[in-house]
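Shown next: final.txt, given as compact mmCIF, C-alpha atoms.
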# COMPACT_ATOMS: atom_id res chain seq x y z
CA MET A 1 177.37 77.59 -81.57
CA ALA A 2 179.41 75.78 -79.01
CA THR A 3 177.62 73.74 -76.40
CA GLN A 4 178.69 74.25 -72.76
CA HIS A 5 179.34 71.02 -70.93
CA LEU A 6 179.48 70.81 -67.15
CA SER A 7 181.69 68.48 -65.29
CA PRO A 8 180.00 65.74 -63.28
CA GLN A 9 181.04 67.40 -60.05
CA ALA A 10 179.50 70.71 -61.12
CA ALA A 11 176.26 68.98 -62.12
CA ARG A 12 176.11 67.24 -58.78
CA ASP A 13 176.76 70.52 -56.96
CA GLY A 14 174.00 72.26 -58.93
CA ALA A 15 171.51 69.49 -58.23
CA SER A 16 172.42 69.55 -54.54
CA GLN A 17 171.88 73.27 -54.43
CA ALA A 18 168.47 72.91 -56.11
CA VAL A 19 167.41 70.20 -53.70
CA GLN A 20 168.68 72.25 -50.75
CA ALA A 21 166.74 75.26 -51.99
CA THR A 22 163.66 73.14 -52.38
CA GLN A 23 164.09 71.74 -48.87
CA ASP A 24 164.54 75.24 -47.48
CA LEU A 25 161.36 76.30 -49.25
CA HIS A 26 159.55 73.27 -47.90
CA SER A 27 160.79 74.00 -44.37
CA ALA A 28 159.66 77.61 -44.65
CA GLN A 29 156.24 76.51 -45.82
CA ARG A 30 155.97 74.14 -42.86
CA ASN A 31 156.87 76.94 -40.49
CA VAL A 32 154.25 79.20 -42.06
CA ARG A 33 151.58 76.51 -41.81
CA ALA A 34 152.49 75.78 -38.20
CA HIS A 35 152.22 79.48 -37.40
CA GLN A 36 148.86 79.67 -39.16
CA ARG A 37 147.57 76.65 -37.25
CA GLU A 38 148.70 78.14 -33.96
CA ASN A 39 147.03 81.46 -34.77
CA GLY A 40 143.83 79.74 -35.92
CA HIS A 41 143.67 77.58 -32.81
CA SER A 42 144.41 80.53 -30.54
CA HIS A 43 141.67 82.62 -32.22
CA ALA A 44 139.12 79.83 -31.89
CA LEU A 45 140.03 79.17 -28.28
CA TRP A 46 139.88 82.89 -27.54
CA LEU A 47 136.38 83.18 -29.00
CA LEU A 48 135.13 80.14 -27.10
CA ALA A 49 136.73 81.35 -23.86
CA VAL A 50 135.12 84.79 -24.16
CA LEU A 51 131.72 83.21 -24.83
CA ALA A 52 132.04 80.75 -21.95
CA VAL A 53 133.19 83.39 -19.46
CA THR A 54 130.39 85.78 -20.49
CA LEU A 55 127.72 83.12 -20.13
CA VAL A 56 129.07 81.94 -16.76
CA VAL A 57 129.30 85.47 -15.38
CA GLY A 58 125.77 86.27 -16.56
CA LEU A 59 124.44 83.08 -14.97
CA LEU A 60 126.22 83.76 -11.68
CA VAL A 61 124.88 87.31 -11.58
CA SER A 62 121.35 86.02 -12.15
CA LEU A 63 121.72 83.45 -9.36
CA VAL A 64 123.10 85.81 -6.73
CA ALA A 65 121.09 88.91 -7.64
CA PRO A 66 118.29 89.36 -5.10
CA GLY A 67 114.81 89.20 -6.56
CA ALA A 68 112.00 91.60 -5.79
CA SER A 69 110.50 91.18 -2.36
CA ALA A 70 107.32 89.10 -2.25
CA VAL A 71 106.05 88.36 1.25
CA ALA A 72 102.97 86.17 1.18
CA SER A 73 101.04 87.91 3.91
CA PRO A 74 97.96 90.12 3.95
CA ALA A 75 98.39 93.83 4.44
CA ALA A 76 99.21 94.53 8.06
CA ALA A 77 97.68 97.97 7.84
CA ARG A 78 94.21 96.61 7.04
CA THR A 79 91.69 97.45 9.78
CA VAL A 80 89.85 94.24 10.55
CA ALA A 81 87.87 95.27 13.62
CA LEU A 82 85.43 97.05 11.31
CA PRO A 83 84.63 96.59 7.64
CA HIS A 84 86.90 98.74 5.50
CA VAL A 85 85.61 102.22 4.76
CA VAL A 86 83.77 102.47 1.47
CA SER A 87 82.02 105.12 -0.53
CA ALA A 88 78.37 105.52 0.30
CA ALA A 89 77.57 105.45 -3.39
CA VAL A 90 76.22 102.41 -5.20
CA GLY A 91 75.96 102.69 -8.96
CA GLN A 92 76.51 106.25 -10.18
CA VAL A 93 78.31 108.21 -7.51
CA ASP A 94 76.80 111.24 -5.77
CA PRO A 95 78.74 113.32 -3.22
CA ALA A 96 79.01 111.95 0.30
CA ALA A 97 76.13 112.99 2.47
CA PRO A 98 76.88 115.77 4.98
CA ALA A 99 75.20 116.03 8.34
CA PRO A 100 71.41 116.59 8.11
CA ASP A 101 71.64 120.28 8.98
CA ALA A 102 74.67 121.02 6.77
CA PRO A 103 74.28 122.81 3.44
CA ALA A 104 74.72 120.65 0.38
CA GLU A 105 77.92 121.19 -1.60
CA PRO A 106 77.74 118.46 -4.25
CA ASP A 107 80.07 117.98 -7.15
CA ALA A 108 78.65 117.97 -10.69
CA PRO A 109 76.29 114.99 -10.91
CA ALA A 110 76.88 112.26 -13.43
CA VAL A 111 73.65 113.15 -15.28
CA THR A 112 72.60 116.67 -16.22
CA THR A 113 69.72 117.03 -13.75
CA PRO A 114 69.37 119.21 -10.63
CA VAL A 115 68.50 116.14 -8.50
CA THR A 116 70.92 115.63 -5.61
CA TRP A 117 70.56 113.62 -2.40
CA GLY A 118 72.60 111.67 0.12
CA VAL A 119 72.37 108.70 2.47
CA ARG A 120 74.19 107.52 5.57
CA PRO A 121 73.62 105.03 8.40
CA ALA A 122 71.53 106.48 11.22
CA ASP A 123 72.99 106.86 14.69
CA THR A 124 71.42 104.03 16.69
CA VAL A 125 72.32 101.56 19.40
CA HIS A 126 74.35 99.72 16.75
CA GLY A 127 76.77 102.62 16.33
CA THR A 128 77.29 106.29 15.45
CA ASP A 129 79.16 107.89 12.58
CA ARG A 130 79.34 104.52 10.87
CA PRO A 131 80.73 104.24 7.33
CA ASN A 132 78.42 101.27 6.70
CA TYR A 133 76.47 98.51 8.46
CA ALA A 134 78.08 95.52 10.17
CA TYR A 135 76.32 92.99 12.38
CA GLY A 136 76.73 89.63 14.03
CA LEU A 137 73.53 87.62 14.62
CA GLU A 138 72.42 84.13 15.58
CA PRO A 139 70.19 82.21 13.18
CA GLY A 140 66.52 82.98 13.86
CA THR A 141 67.20 86.40 15.43
CA SER A 142 66.61 89.94 14.19
CA LEU A 143 67.49 93.58 14.83
CA ASP A 144 66.18 97.05 13.96
CA ASP A 145 68.24 99.81 12.39
CA ALA A 146 67.72 102.81 10.08
CA ILE A 147 69.13 104.79 7.18
CA ILE A 148 69.05 108.58 6.80
CA VAL A 149 68.04 109.95 3.39
CA SER A 150 68.59 113.68 2.75
CA ASN A 151 67.01 115.61 -0.14
CA TYR A 152 69.28 118.46 -1.26
CA THR A 153 67.01 119.73 -4.03
CA GLU A 154 64.36 122.45 -3.76
CA GLY A 155 61.28 120.34 -4.46
CA PRO A 156 60.00 117.12 -2.88
CA LEU A 157 61.36 113.76 -4.08
CA THR A 158 60.01 110.25 -3.65
CA PHE A 159 62.65 107.56 -3.19
CA ARG A 160 62.29 103.83 -3.42
CA VAL A 161 64.11 102.11 -0.53
CA TYR A 162 65.16 98.47 -0.52
CA ALA A 163 68.10 96.09 0.06
CA ALA A 164 70.00 94.00 -2.49
CA ASP A 165 72.56 91.19 -2.29
CA GLY A 166 76.19 92.13 -2.79
CA TYR A 167 78.70 90.39 -5.04
CA MET A 168 82.31 90.77 -6.13
CA THR A 169 83.08 92.23 -9.54
CA GLU A 170 85.96 91.00 -11.70
CA ALA A 171 87.94 94.01 -10.47
CA GLY A 172 87.51 92.81 -6.89
CA GLU A 173 85.02 95.50 -5.85
CA LEU A 174 81.72 95.02 -4.04
CA ASP A 175 78.65 95.79 -6.13
CA LEU A 176 74.91 95.18 -5.72
CA LEU A 177 72.46 93.25 -7.82
CA PRO A 178 70.74 95.49 -10.37
CA ALA A 179 67.26 96.78 -9.71
CA GLY A 180 64.62 94.18 -10.48
CA GLU A 181 66.91 91.18 -9.83
CA GLU A 182 65.72 89.14 -6.85
CA SER A 183 67.98 88.84 -3.82
CA LYS A 184 68.35 85.40 -2.25
CA ALA A 185 70.50 86.03 0.83
CA LEU A 186 71.08 89.06 3.07
CA GLY A 187 69.28 91.42 0.68
CA SER A 188 66.10 89.37 1.13
CA TRP A 189 66.43 89.40 4.92
CA VAL A 190 66.08 93.21 5.13
CA THR A 191 62.55 94.65 5.22
CA PHE A 192 61.31 98.26 5.34
CA GLU A 193 58.08 99.59 6.78
CA ALA A 194 57.30 101.04 3.34
CA ASP A 195 58.71 100.58 -0.15
CA ASP A 196 59.16 104.32 -0.72
CA VAL A 197 59.52 107.56 1.16
CA THR A 198 58.76 111.17 0.13
CA ILE A 199 61.06 113.89 1.42
CA GLU A 200 60.47 117.64 1.07
CA GLY A 201 63.13 119.84 -0.51
CA GLY A 202 66.02 120.39 1.89
CA GLY A 203 64.54 117.81 4.29
CA THR A 204 65.82 114.62 5.85
CA ALA A 205 64.05 111.38 6.74
CA VAL A 206 65.04 108.50 9.01
CA VAL A 207 63.91 105.30 7.29
CA PRO A 208 63.80 102.29 9.65
CA PHE A 209 64.34 98.69 8.55
CA THR A 210 64.59 95.26 10.14
CA VAL A 211 67.17 92.52 9.54
CA THR A 212 65.81 89.01 10.23
CA VAL A 213 68.10 85.99 9.91
CA PRO A 214 66.26 82.78 8.96
CA ALA A 215 66.51 79.96 11.46
CA ASP A 216 68.12 77.71 8.86
CA ALA A 217 70.66 80.28 7.65
CA THR A 218 74.10 78.85 7.01
CA PRO A 219 76.82 80.23 9.32
CA GLY A 220 79.29 82.62 7.75
CA ASP A 221 79.63 86.09 6.23
CA TYR A 222 77.09 87.81 3.95
CA ALA A 223 77.12 91.13 2.09
CA ALA A 224 74.35 93.41 0.84
CA GLY A 225 73.51 97.09 0.45
CA VAL A 226 70.71 99.35 1.72
CA VAL A 227 69.68 101.45 -1.28
CA SER A 228 67.69 104.60 -2.04
CA SER A 229 66.65 104.72 -5.69
CA LEU A 230 65.24 107.52 -7.86
CA LEU A 231 64.18 107.46 -11.50
CA VAL A 232 65.32 110.73 -13.12
CA GLU A 233 65.46 112.10 -16.64
CA ASN A 234 68.74 113.34 -18.03
CA ALA A 235 69.36 116.13 -20.57
CA GLU A 236 68.79 113.73 -23.48
CA GLY A 237 65.38 112.80 -22.15
CA VAL A 238 66.43 109.28 -21.12
CA SER A 239 65.15 107.92 -17.81
CA VAL A 240 67.95 106.75 -15.53
CA ASP A 241 67.61 104.76 -12.33
CA ARG A 242 70.09 106.33 -9.91
CA ARG A 243 70.96 104.49 -6.70
CA LEU A 244 72.72 105.63 -3.58
CA GLY A 245 73.24 103.52 -0.50
CA SER A 246 75.51 101.95 2.12
CA ARG A 247 76.88 98.43 2.19
CA MET A 248 75.97 95.93 4.88
CA HIS A 249 78.02 93.03 6.26
CA LEU A 250 76.49 90.31 8.42
CA ARG A 251 78.13 87.33 10.14
CA VAL A 252 75.76 84.55 11.03
CA ALA A 253 77.01 82.72 14.12
CA GLY A 254 78.01 79.07 13.89
CA ASP A 255 80.88 76.99 12.59
CA LEU A 256 83.24 79.22 10.63
CA VAL A 257 85.41 77.38 8.11
CA PRO A 258 87.79 79.75 6.30
CA ALA A 259 89.54 78.33 3.25
CA VAL A 260 91.38 79.65 0.22
CA VAL A 261 92.20 77.77 -2.99
CA VAL A 262 94.63 78.48 -5.84
CA ASP A 263 94.04 76.83 -9.21
CA ASP A 264 94.28 77.38 -12.98
CA VAL A 265 97.95 78.34 -12.68
CA SER A 266 99.74 78.92 -15.99
CA VAL A 267 103.14 80.39 -16.88
CA THR A 268 104.61 81.69 -20.13
CA TYR A 269 108.13 82.90 -20.85
CA ASP A 270 109.03 85.99 -22.85
CA GLY A 271 112.73 86.09 -23.72
CA THR A 272 114.82 88.87 -25.26
CA LEU A 273 117.00 89.18 -28.36
CA ASN A 274 119.98 89.99 -26.14
CA PRO A 275 121.66 86.61 -25.42
CA PHE A 276 123.16 88.00 -22.22
CA ALA A 277 119.91 89.39 -20.74
CA ALA A 278 117.16 87.72 -18.72
CA GLY A 279 113.53 87.66 -19.81
CA ASP A 280 110.14 87.82 -18.10
CA ALA A 281 107.82 85.08 -16.89
CA VAL A 282 104.07 85.81 -16.91
CA VAL A 283 102.11 83.85 -14.31
CA THR A 284 98.30 83.70 -14.32
CA PHE A 285 96.30 82.14 -11.48
CA THR A 286 92.84 82.09 -9.89
CA VAL A 287 92.18 82.57 -6.16
CA THR A 288 88.90 81.33 -4.68
CA ASN A 289 87.46 81.98 -1.24
CA ASP A 290 86.27 78.43 -0.64
CA GLY A 291 85.15 78.99 2.95
CA ASN A 292 82.29 80.85 4.64
CA THR A 293 84.13 83.92 5.96
CA ARG A 294 85.40 87.15 4.45
CA LEU A 295 89.12 86.91 3.72
CA ALA A 296 91.92 89.44 3.37
CA PRO A 297 94.36 87.49 1.18
CA GLY A 298 97.98 88.12 0.26
CA ARG A 299 100.03 86.29 -2.31
CA SER A 300 103.57 85.59 -3.50
CA VAL A 301 104.66 84.45 -6.95
CA ARG A 302 108.04 82.79 -7.52
CA VAL A 303 109.65 81.55 -10.74
CA ALA A 304 112.72 79.31 -10.78
CA GLY A 305 114.66 77.04 -13.10
CA PRO A 306 115.58 73.38 -12.53
CA TRP A 307 116.43 72.61 -8.90
CA GLY A 308 115.47 76.16 -7.93
CA ALA A 309 118.21 77.80 -9.99
CA GLY A 310 117.84 81.51 -10.82
CA ALA A 311 114.75 81.98 -8.62
CA GLN A 312 113.00 85.33 -8.94
CA SER A 313 109.89 86.70 -7.22
CA ALA A 314 107.29 89.25 -8.27
CA PRO A 315 106.61 92.44 -6.30
CA ARG A 316 103.70 92.00 -3.93
CA VAL A 317 100.31 93.20 -5.14
CA GLU A 318 97.48 93.19 -2.63
CA LEU A 319 94.42 91.14 -3.43
CA PRO A 320 91.10 92.74 -2.44
CA GLU A 321 88.96 91.48 0.40
CA MET A 322 87.01 88.47 -0.84
CA LEU A 323 83.50 87.33 0.01
CA PRO A 324 82.73 83.64 0.48
CA GLY A 325 82.39 81.77 -2.79
CA THR A 326 84.04 84.46 -4.94
CA SER A 327 86.98 83.99 -7.31
CA LEU A 328 89.52 86.41 -8.73
CA THR A 329 91.94 85.83 -11.62
CA ARG A 330 95.19 87.73 -11.63
CA THR A 331 98.23 87.95 -13.94
CA VAL A 332 101.67 88.78 -12.55
CA THR A 333 104.92 89.46 -14.44
CA VAL A 334 108.15 88.20 -12.85
CA GLU A 335 111.19 90.01 -14.26
CA GLY A 336 114.80 88.86 -14.46
CA VAL A 337 114.12 85.18 -15.24
CA TRP A 338 116.93 83.43 -17.11
CA PRO A 339 116.07 80.88 -19.82
CA LEU A 340 117.37 77.74 -18.12
CA GLY A 341 115.54 75.29 -20.34
CA ARG A 342 112.45 74.88 -18.19
CA VAL A 343 111.08 77.25 -15.53
CA LYS A 344 108.44 76.67 -12.88
CA GLY A 345 106.05 79.30 -11.57
CA SER A 346 104.82 78.79 -8.00
CA VAL A 347 101.96 80.75 -6.39
CA THR A 348 101.35 80.86 -2.64
CA VAL A 349 98.30 82.60 -1.18
CA SER A 350 97.83 83.14 2.55
CA ALA A 351 94.85 84.89 4.08
CA GLU A 352 93.39 86.32 7.27
CA VAL A 353 89.78 86.24 8.32
CA VAL A 354 88.23 89.71 8.47
CA THR A 355 87.11 90.03 12.08
CA ALA A 356 83.41 90.64 12.60
CA ILE A 357 82.32 93.86 14.29
CA GLY A 358 82.46 93.60 18.05
CA ALA A 359 84.80 90.60 17.92
CA ALA A 360 88.16 92.36 17.83
CA ASP A 361 89.34 90.44 20.92
CA ALA A 362 88.36 87.04 19.55
CA ALA A 363 91.05 84.52 18.73
CA PRO A 364 91.97 84.75 15.04
CA LEU A 365 90.86 81.87 12.88
CA PRO A 366 93.74 80.09 11.14
CA VAL A 367 93.67 79.85 7.37
CA ALA A 368 95.82 77.24 5.67
CA PRO A 369 97.84 78.77 2.83
CA ALA A 370 97.10 77.55 -0.67
CA THR A 371 99.67 76.78 -3.34
CA GLY A 372 99.67 76.08 -7.05
CA SER A 373 102.31 75.76 -9.75
CA ALA A 374 102.90 75.31 -13.46
CA SER A 375 105.96 75.12 -15.71
CA THR A 376 106.97 75.96 -19.24
CA PHE A 377 109.97 75.75 -21.54
CA ALA A 378 112.37 78.69 -21.49
CA VAL A 379 114.86 78.06 -24.30
CA PRO A 380 117.76 80.55 -24.67
CA TRP A 381 117.29 80.92 -28.40
CA SER A 382 119.49 84.03 -28.70
CA ALA A 383 122.36 82.43 -26.79
CA LEU A 384 122.05 79.25 -28.84
CA ALA A 385 122.08 81.27 -32.05
CA LEU A 386 125.22 83.10 -30.90
CA LEU A 387 126.87 79.80 -29.99
CA VAL A 388 126.01 78.37 -33.41
CA LEU A 389 127.55 81.42 -35.07
CA VAL A 390 130.74 81.14 -33.02
CA VAL A 391 131.08 77.39 -33.63
CA GLY A 392 130.31 77.90 -37.29
CA GLY A 393 132.98 80.58 -37.50
CA VAL A 394 135.53 78.27 -35.88
CA VAL A 395 134.63 75.43 -38.25
CA LEU A 396 134.91 77.68 -41.29
CA GLN A 397 138.23 79.02 -40.07
CA ARG A 398 139.64 75.53 -39.63
CA ARG A 399 138.37 74.42 -43.03
CA GLY A 400 140.04 77.44 -44.59
CA ALA A 401 143.27 76.59 -42.79
CA ARG A 402 143.11 73.02 -44.13
CA ARG A 403 142.55 74.28 -47.67
CA ARG A 404 145.52 76.66 -47.38
CA ARG A 405 147.69 73.84 -46.03
CA ALA A 406 146.72 71.56 -48.90
CA SER A 407 147.48 74.35 -51.38
CA ASP A 408 150.88 74.93 -49.79
CA GLU A 409 151.64 71.22 -49.92
CA ARG A 410 150.78 71.12 -53.61
CA LYS A 411 153.06 74.07 -54.29
CA VAL A 412 155.92 72.42 -52.37
CA ALA A 413 155.41 69.16 -54.24
CA GLU A 414 155.39 71.00 -57.55
CA ALA A 415 158.54 72.89 -56.59
CA VAL A 416 160.34 69.67 -55.60
CA ALA A 417 159.23 67.97 -58.79
CA GLN A 418 160.41 70.94 -60.84
CA ALA A 419 163.79 70.98 -59.08
CA LEU A 420 164.28 67.25 -59.65
CA LYS A 421 163.29 67.64 -63.28
CA GLU A 422 165.78 70.47 -63.80
CA ARG A 423 168.48 68.38 -62.17
CA ASP A 424 167.80 65.45 -64.44
CA GLU A 425 167.86 67.70 -67.50
CA GLN A 426 171.29 69.10 -66.72
CA PRO A 427 173.71 67.94 -69.46
CA VAL A 428 176.54 65.74 -68.24
CA ALA A 429 180.04 66.61 -69.52

As structure tokens, how would this structure be written, given the file I've shared?
Amino acid sequence: MATQHLSPQAARDGASQAVQATQDLHSAQRNVRAHQRENGHSHALWLLAVLAVTLVVGLLVSLVAPGASAVASPAAARTVALPHVVSAAVGQVDPAAPAPDAPAEPDAPAVTTPVTWGVRPADTVHGTDRPNYAYGLEPGTSLDDAIIVSNYTEGPLTFRVYAADGYMTEAGELDLLPAGEESKALGSWVTFEADDVTIEGGGTAVVPFTVTVPADATPGDYAAGVVSSLLVENAEGVSVDRRLGSRMHLRVAGDLVPAVVVDDVSVTYDGTLNPFAAGDAVVTFTVTNDGNTRLAPGRSVRVAGPWGAGAQSAPRVELPEMLPGTSLTRTVTVEGVWPLGRVKGSVTVSAEVVTAIGAADAAPLPVAPATGSASTFAVPWSALALLVLVVGGVVLQRRGARRRRASDERKVAEAVAQALKERDEQPVA
């Protein structure tokens, strides 16, 4: 078999063509890698830009969006010339007492007995058609008043009549000391001519009593209730002490020092799984009437991030009228709070003194507002997790691009080496 020999010029031309082809391949690979890098960078920048714009827009919306109104002022509609109207019932509720000569139309009683009666303040020099009792007295003075007890049953009933100190429940309502517990303030200053009264069926009795303020009584507001009590037996044969009465407010003249205090403030943050949504801040606080007058308080709760960023306020919720020395704990949820790292909850409580009866024209007593605050961490865990995912995706994409570039470079190097090897192996004529 004859061997084909190439001329030197032909060998050189073939080698040049191989090198040129290899260089063209190398150039094409570089162009592909450059295009891949540009696409990878553009994708990463696009993802980061979308994330940044979304976060900035969400933050701006949270900063400019108006929060819920929260005016720290007591209710303007509260009537302060007289104590607020209350039910005549103390303990288990019976129907309101009609006029003495009106027929009884009670609702179903709380216990299955036919016993029904009513009470109301008597019409005296201290007032007519009164919802309850309200007085203003100097230390060492006294007054006489009366309560009307009406028996709406067919047979005679014997009621125990007495007074008991009032106190605030945790719900902010006025209640009276239970029967048998000794009163130490206004309840002990009320005396009746007799401890009980017997009323014929369908009859009515006016039961007089006297309020005597001790000479050393401390100035300020006091609360109690004038009670009619009856021990009845229900359908199960259990004896029940049922009480029905009217509340009594008394202001002892002297130096009045109204004061309100806010303490035990705490705040917690409850975020959401949506990285582009705000969460809620829960603020708990205690309000104390630290003075010697009845107060009608109002409060505002505000939550904000560092330097007041993203401030939001809770809708106003009225606090009940508070007796001297009483405390109430409340929990308020503030919505739309963004997790800005650390948030601060601020509570402001203002109050007005409930004007004593007959003193509607008196100058209002100023009450200094009370404030309290607390802070907590509000970490945007969902947003951070999303950011980690995006950054991780970009890192992985760039690592993949580097691996592809290294693979392409190896292939180019192998192709060049193969072309040079084939050139060297070409036989020379």

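Pairwise distance (atom CA of Ala311 of chain A, atom CA of Asp270 of chain A) equals 15.9 Å.
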
Who sits within 8 Å of Asp264 of chain A, all atoms listed in the file, same chain under 5 positions skipped, as an MDAnalysis selection string: chainID A and resid 284:286

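With distances taken over all atoms listed in the file, A:Val206 is the one residue among A:Val206, A:Val388, A:Val190, A:Val343 lying closest to Val119 of chain A.
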
For Glu200 of chain A, please output as an mmCIF file with C-alpha atoms, in the frame of the given file all residues within 10 Å (counting only C-alpha atoms; exclusion window: fewer than 6 positions along the same chain).
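Final output, out.cif:
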data_model
loop_
_atom_site.group_PDB
_atom_site.id
_atom_site.type_symbol
_atom_site.label_atom_id
_atom_site.label_comp_id
_atom_site.auth_asym_id
_atom_site.auth_seq_id
_atom_site.Cartn_x
_atom_site.Cartn_y
_atom_site.Cartn_z
ATOM 1 C CA SER A 150 68.590 113.680 2.750
ATOM 2 C CA ASN A 151 67.010 115.610 -0.140
ATOM 3 C CA TYR A 152 69.280 118.460 -1.260
ATOM 4 C CA THR A 153 67.010 119.730 -4.030
ATOM 5 C CA GLU A 154 64.360 122.450 -3.760
ATOM 6 C CA GLY A 155 61.280 120.340 -4.460
ATOM 7 C CA PRO A 156 60.000 117.120 -2.880
ATOM 8 C CA LEU A 157 61.360 113.760 -4.080
ATOM 9 C CA THR A 158 60.010 110.250 -3.650
#

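A straight line drawn from atom CA of Asp165 of chain A to atom CA of Thr116 of chain A is 24.7 Å long.
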
Tell me, as a PyMOL selection string, which residues lie within 8 Å of segment 221-226 of chain A, counting only C-alpha atoms; anything in the same chain fewer than 3 positions away does not count. chain A and resi 147+161-167+176+185-187+245-252+292-294+323-324

For Glu170 of chain A, which residue out of A:Val207, A:Val391, A:Leu319, A:Leu420 is the nearest one, using all atoms listed in the file? A:Leu319

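Take the candidates A:Pro380, A:Gly400, A:Phe209, A:Ala406 and check each one against Ala194 of chain A using only C-alpha atoms; the shortest distance goes to A:Phe209.
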
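Comparing the minimum interatomic distances between Val211 of chain A and each of A:Val267, A:Leu273, A:Ala146, A:Ala370, counting only C-alpha atoms, we find that A:Ala146 sits nearest.
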
Excluding Pro369 of chain A and its own-chain neighbours fewer than 5 positions away, which residues fall within 7 Å of it when counting all atoms listed in the file? Please give them as a ChimeraX atom specification. /A:348-351

Mind dumping the selected residues with C-alpha atoms as a short mmCIF file (atom, residue, chain, number, x, y, z; two decimals), in the frame of the given file?
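Result file follows (part07.cif):
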data_model
loop_
_atom_site.label_atom_id
_atom_site.label_comp_id
_atom_site.auth_asym_id
_atom_site.auth_seq_id
_atom_site.Cartn_x
_atom_site.Cartn_y
_atom_site.Cartn_z
CA THR A 348 101.35 80.86 -2.64
CA VAL A 349 98.30 82.60 -1.18
CA SER A 350 97.83 83.14 2.55
CA ALA A 351 94.85 84.89 4.08
#

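From atom CA of Ser346 of chain A back to atom CA of Ala277 of chain A, the distance works out to 22.4 Å.
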
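Each of A:Ile199, A:Ala179, A:Val412, A:Val115 was checked against Val227 of chain A using all atoms listed in the file; the smallest atom-to-atom distance is that of A:Ala179.
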
Contacts of Asp290 of chain A at 7 Å or less, counting only C-alpha atoms, minus same-chain residues fewer than 4 places along, as a ChimeraX atom specification? /A:259-261,324-325

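With all atoms listed in the file as the basis for measurement, A:Gly279 is the residue among A:Glu318, A:Gly279, A:Gly203, A:Met168 that approaches Thr333 of chain A most closely.
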